[in-house]
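Contents: one structure, followed by commentary.
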Amino acid sequence: MEHQVSHRLPRVLIFPLPAQGPVNSMLKLAELLALQGLHVTFLNTQFTHNRLLLHADIQARFATYPGFLFKTISDGLPDDHPRSGDTVMEVIRSINTESKSVFRHMLVSDELGSENSPSVTCIIVDGIFGGFATDIANELHIPIIHFRTLGACCIWVNLCIPKVIEGRELPIRGEEDMDRLIRNVPGTERFLRCRDLPSFCRARNLTDPDLQVFVQQTLHSPRAQAIILNTFEDLEGPIISHIRTLCPNIYSIGPLHMHLKLRLANNEASSQSSNNLFEVDRSCIAWLDAQPPKSIIYISFGSFTVMTRNQLIEFWYGLVNSNARFLWVARLDLVAGDGEEAQIPLELLEESRERGFIVGWAPQEEVLAHPAVGGFLTHSGWNSTLESIVAGVPMICWPYFADQQVNSRFVSEVWKIGIDIKDVCDRKIVEKMLNDLMVERKEEFSKAADEISRLARQSVNEGGSSYYNLDRLIEDIRLTSS
Ligand code: UDP
């Protein structure tokens with residue numbers, strides 16, 4: 001059946017990777033489009049949608065936008081699959097193979113629309129699903145845009161991986177090879193080492209399925225009408241220019257969380273836009289209120305990172321020995337293993353009462369913006385990196401996987417707003433780096449972080465590059481949908 005493009009109101013379908021970071025940023029984009037009067041359908045996997053349903057505030061907020069719909073699709077995995085921590089690649093692989101025909105059926109049968117806007121007239125899909133979604137969009141003559149929730153730096157590296165392989169720079173030949181510079185990623189030759197490539201490049205075998213997913217899906221990017229990036233020109237302009245040689249139409253519209261905050265304020269609506277899949281513990285804000293300015297190191301490793309008990313203990317002693325005061329997000333599944341092995345040792349919890357505060361999940365944007373926070377020990381997820389940049393908070397980076405290895409190198413070597421300790425987890429190093437960030441080199445890092453924060457804010461204000469690009473995106477969606 002040929003898909004009939006409606007001549008009624010345009011409807012944008014947004015389909016994120018079902019994980020905290022991508023859902024957060026794509027819901028922010030959805031809200032920005034809805035604020036401009038576009039009808040949006042946000043398509044989630046059933047599992048992630050059920051988690052969103054637990055948050056009445058999110059449902060209530062989106063119910064105020066005319067034509068906004070939440071819809072669900074199966075991820076093809078059994079009900080008892082954990083869908084968390086290390087299993088995200090299984091979720092991605094399953095959706096790429098199992099959800100294809102359902103996705104097509106939903107579009108063809110107009111299941112994703114409403115009375116005023118029955119048909120999807122534009123698809124914005126997480127680029128990780130860019131392969132099958134672009135095939136279907138092309139077949140049905142629906143314009144498709146890929147949203148890449150990673151930084152431009154990692155997208156560019158992914159796009160260059162075939163050249164890196166061709167140039168025999170991969171596979172990496174063991175630990176002694178990790179500091180070798182990579183030559184085939186233009187613009188990064190001076191500082192990008194094997195160690196800084198996306199974690200999947202560490203595979204000994206180049207047919208490794210995780211490496212293939214990341215590389216292959218990125219290679220679909222040039223097939224989209226356009227690419228949306230959650231970044232801004234003053235941060236990643238030179239790298240975005242490289243990507244433009246392959247994907248000419250790029251809308252860099254970030255940092256999205258700041259962008260949304262500003263546009264909500266202009267609309268005199270609520271400026272609250274939390275999109276958490278976890279239950280937020282706000283008690284840490286009152287604790288922060290009682291701390292001196294810039295005295296606290298905030299520690300969070302995002303929604304996926306899993307560490308061993310030994311690594312946790314090394315971080316802990318580094319922290320305690322540095323005398324830093326801290327706010328630590330310790331997710332229930334942060335520590336690998338079963339039973340007692342996966343518990344945070346009681347004596348550590350006891351000691352934390354003196355100098356720190358532990359929560360299961362924090363209101364991170366608010367925490368980073370709090371005057372008491374002076375540093376961020378992070379896993380370098382792209383959302384966390386951007387949130388820290390906006391808040392002007394310098395970072396210590398301990399990347400875990402995927403794009404985080406690239407992000408942390410850019411933080412330390414390009415933007416110079418933090419220290420990268422990737423692949424090291426030793427209490428003495430942690431102590432020294434905390435001391436550098438919070439005491440010895442505090443001024444140097446704060447100055448650099450303040451300047452980038454200023455540029456981030458400028459980009460989303462009227463006249464800024466991200467502000468302009470978002471208006472252009474909305475205009476283009478309207479034009480191609482009519
Ligand atoms: N986050 C949060 N509270 C926490 C930890 C994380 O709200 O205690 C949010 C954070 O603000 C960010 C997202 O979770 O928006 C994590 O995304 P990121 O890309 O940094 O990492 P991921 O979880 O995808 O590895």
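Chain labels A, B, ... are given in the sequence in which chains occur in the structure tokens; within each chain residues are numbered consecutively from 1, and ligands are likewise numbered from 1 in the order shown.
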Would you tabulate, counting only C-alpha atoms, all residues of range 341-445 of chain A that have an atom at most 9 Å from an atom of range 304-320 of chain A, showing the closest pair of atoms and their distance in Å to one decimal, sorted by chain then ascending number, as a tab-separated table?
residue	atom	partner	partner_atom	distance
A:Glu341	CA	A:Arg309	CA	6.8
A:Ala342	CA	A:Arg309	CA	6.9
A:Gln343	CA	A:Arg309	CA	8.2
A:Ile344	CA	A:Arg309	CA	7.8
A:Pro345	CA	A:Ile313	CA	8.6
A:Leu348	CA	A:Trp316	CA	7.5
A:Glu351	CA	A:Val320	CA	8.7
A:Ser352	CA	A:Val320	CA	8.7
A:Arg355	CA	A:Val320	CA	8.4
A:His379	CA	A:Thr305	CA	7.5
A:Pro399	CA	A:Thr305	CA	8.8
A:Tyr400	CA	A:Thr305	CA	6.2
A:Phe401	CA	A:Thr305	CA	8.0
A:Cys425	CA	A:Gln311	CA	6.1
A:Asp426	CA	A:Glu314	CA	5.6
A:Arg427	CA	A:Gly318	CA	4.1
A:Lys428	CA	A:Gly318	CA	6.0
A:Ile429	CA	A:Gly318	CA	7.3
A:Val430	CA	A:Gly318	CA	4.9
A:Glu431	CA	A:Gly318	CA	4.3
A:Lys432	CA	A:Gly318	CA	8.0
A:Leu434	CA	A:Leu319	CA	7.4
Rows by chain and residue number, chain A within 10 Å of ligand 1, shortest pair, only C-alpha atoms and all ligand atoms, as a tab-separated table:
residue	atom	partner	partner_atom_place_in_ligand_line	distance
A:Ala19	CA	ligand 1	24 (O)	6.6
A:Gln20	CA	ligand 1	23 (O)	5.6
A:Gly21	CA	ligand 1	17 (O)	3.7
A:Pro22	CA	ligand 1	24 (O)	6.8
A:Val23	CA	ligand 1	13 (C)	9.0
A:Asn24	CA	ligand 1	15 (O)	6.1
A:Ser25	CA	ligand 1	15 (O)	7.3
A:Gly85	CA	ligand 1	25 (O)	9.1
A:Thr149	CA	ligand 1	19 (O)	8.0
A:Leu150	CA	ligand 1	19 (O)	7.9
A:Gly151	CA	ligand 1	19 (O)	9.8
A:His257	CA	ligand 1	15 (O)	8.6
A:Ser274	CA	ligand 1	7 (O)	7.7
A:Asn275	CA	ligand 1	7 (O)	7.9
A:Asn276	CA	ligand 1	7 (O)	6.0
A:Leu277	CA	ligand 1	14 (O)	8.6
A:Phe278	CA	ligand 1	3 (N)	7.8
A:Glu279	CA	ligand 1	3 (N)	9.0
A:Val280	CA	ligand 1	3 (N)	7.1
A:Asp281	CA	ligand 1	8 (O)	8.5
A:Tyr298	CA	ligand 1	8 (O)	9.7
A:Ile299	CA	ligand 1	8 (O)	8.7
A:Ser300	CA	ligand 1	5 (C)	5.8
A:Phe301	CA	ligand 1	5 (C)	6.9
A:Gly302	CA	ligand 1	23 (O)	3.8
A:Ser303	CA	ligand 1	23 (O)	3.5
A:Phe304	CA	ligand 1	25 (O)	5.1
A:Thr305	CA	ligand 1	25 (O)	6.5
A:Trp328	CA	ligand 1	8 (O)	8.4
A:Val329	CA	ligand 1	8 (O)	5.3
A:Ala330	CA	ligand 1	8 (O)	8.0
A:Arg331	CA	ligand 1	8 (O)	7.8
A:Val359	CA	ligand 1	8 (O)	7.6
A:Gly360	CA	ligand 1	8 (O)	6.7
A:Trp361	CA	ligand 1	8 (O)	3.6
A:Ala362	CA	ligand 1	8 (O)	3.7
A:Pro363	CA	ligand 1	7 (O)	4.9
A:Gln364	CA	ligand 1	7 (O)	4.3
A:Glu365	CA	ligand 1	11 (O)	5.4
A:Glu366	CA	ligand 1	11 (O)	8.7
A:Val367	CA	ligand 1	3 (N)	8.8
A:Leu368	CA	ligand 1	11 (O)	8.9
A:Thr378	CA	ligand 1	20 (O)	8.2
A:His379	CA	ligand 1	25 (O)	7.2
A:Ser380	CA	ligand 1	20 (O)	6.3
A:Gly381	CA	ligand 1	20 (O)	3.5
A:Trp382	CA	ligand 1	19 (O)	4.3
A:Asn383	CA	ligand 1	19 (O)	3.8
A:Ser384	CA	ligand 1	20 (O)	3.6
A:Thr385	CA	ligand 1	20 (O)	6.4
A:Leu386	CA	ligand 1	20 (O)	8.1
A:Glu387	CA	ligand 1	11 (O)	6.8
A:Ser388	CA	ligand 1	11 (O)	9.2
A:Pro399	CA	ligand 1	25 (O)	9.4
A:Tyr400	CA	ligand 1	25 (O)	8.3
A:Phe401	CA	ligand 1	25 (O)	8.3
A:Ala402	CA	ligand 1	25 (O)	9.0
A:Asp403	CA	ligand 1	25 (O)	9.4
A:Gln404	CA	ligand 1	25 (O)	8.2
Of A:Gly356, A:Pro222, A:Gly113, A:Gly167, the one sitting nearest Cys284 in chain A when using only C-alpha atoms is A:Gly356
- Message: Among range 287-470 of chain A, which ones does DSSP assign to alpha helix (DSSP H) (computed from the backbone)? Answer as number ranges by chain.
- Response: A: 287-289, 309-322, 346-355, 364-369, 382-391, 404-409, 427-435, 442-460, 465-470
(request) Give me, please, the distance in Å between CA of Lys294 in chain A and CA of Val373 in chain A, quoted to one decimal. (result)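 Calculated distance between CA of Lys294 in chain A and CA of Val373 in chain A is 4.7 Å.
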Could you produce a table of the residues of range 93-175 of chain A lying within 7 Å of range 237-249 of chain A, with the nearest pair of atoms per residue and their separation in Å rounded to one decimal, using only C-alpha atoms, ordered by chain and increasing residue number, as a tab-separated table?
residue	atom	partner	partner_atom	distance
A:Ala152	CA	A:Ile240	CA	6.2
A:Cys153	CA	A:Ile239	CA	6.3
A:Trp156	CA	A:Ile243	CA	6.1
Only C-alpha atoms, please: the residues just picked out, written as an mmCIF file, in the first residue's frame.
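The new file out-v9.cif reads:
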data_model
loop_
_atom_site.group_PDB
_atom_site.id
_atom_site.type_symbol
_atom_site.label_atom_id
_atom_site.label_comp_id
_atom_site.auth_asym_id
_atom_site.auth_seq_id
_atom_site.Cartn_x
_atom_site.Cartn_y
_atom_site.Cartn_z
ATOM 1 C CA ALA A 152 30.100 15.368 16.832
ATOM 2 C CA CYS A 153 33.584 14.214 17.865
ATOM 3 C CA TRP A 156 33.244 11.888 13.091
#
(Q) Taking only C-alpha atoms into account, name the residue in A:Val125, A:Leu43, A:Leu470, A:Val213 that is nearest to His259 in chain A. (A)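 Smallest separation from His259 in chain A among the options: A:Leu470.
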key: Atomic distance CA of Arg183 in chain A - CA of Asp126 in chain A, expressed in Å with one decimal   =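 Separation between CA of Arg183 in chain A and CA of Asp126 in chain A: 28.8 Å.
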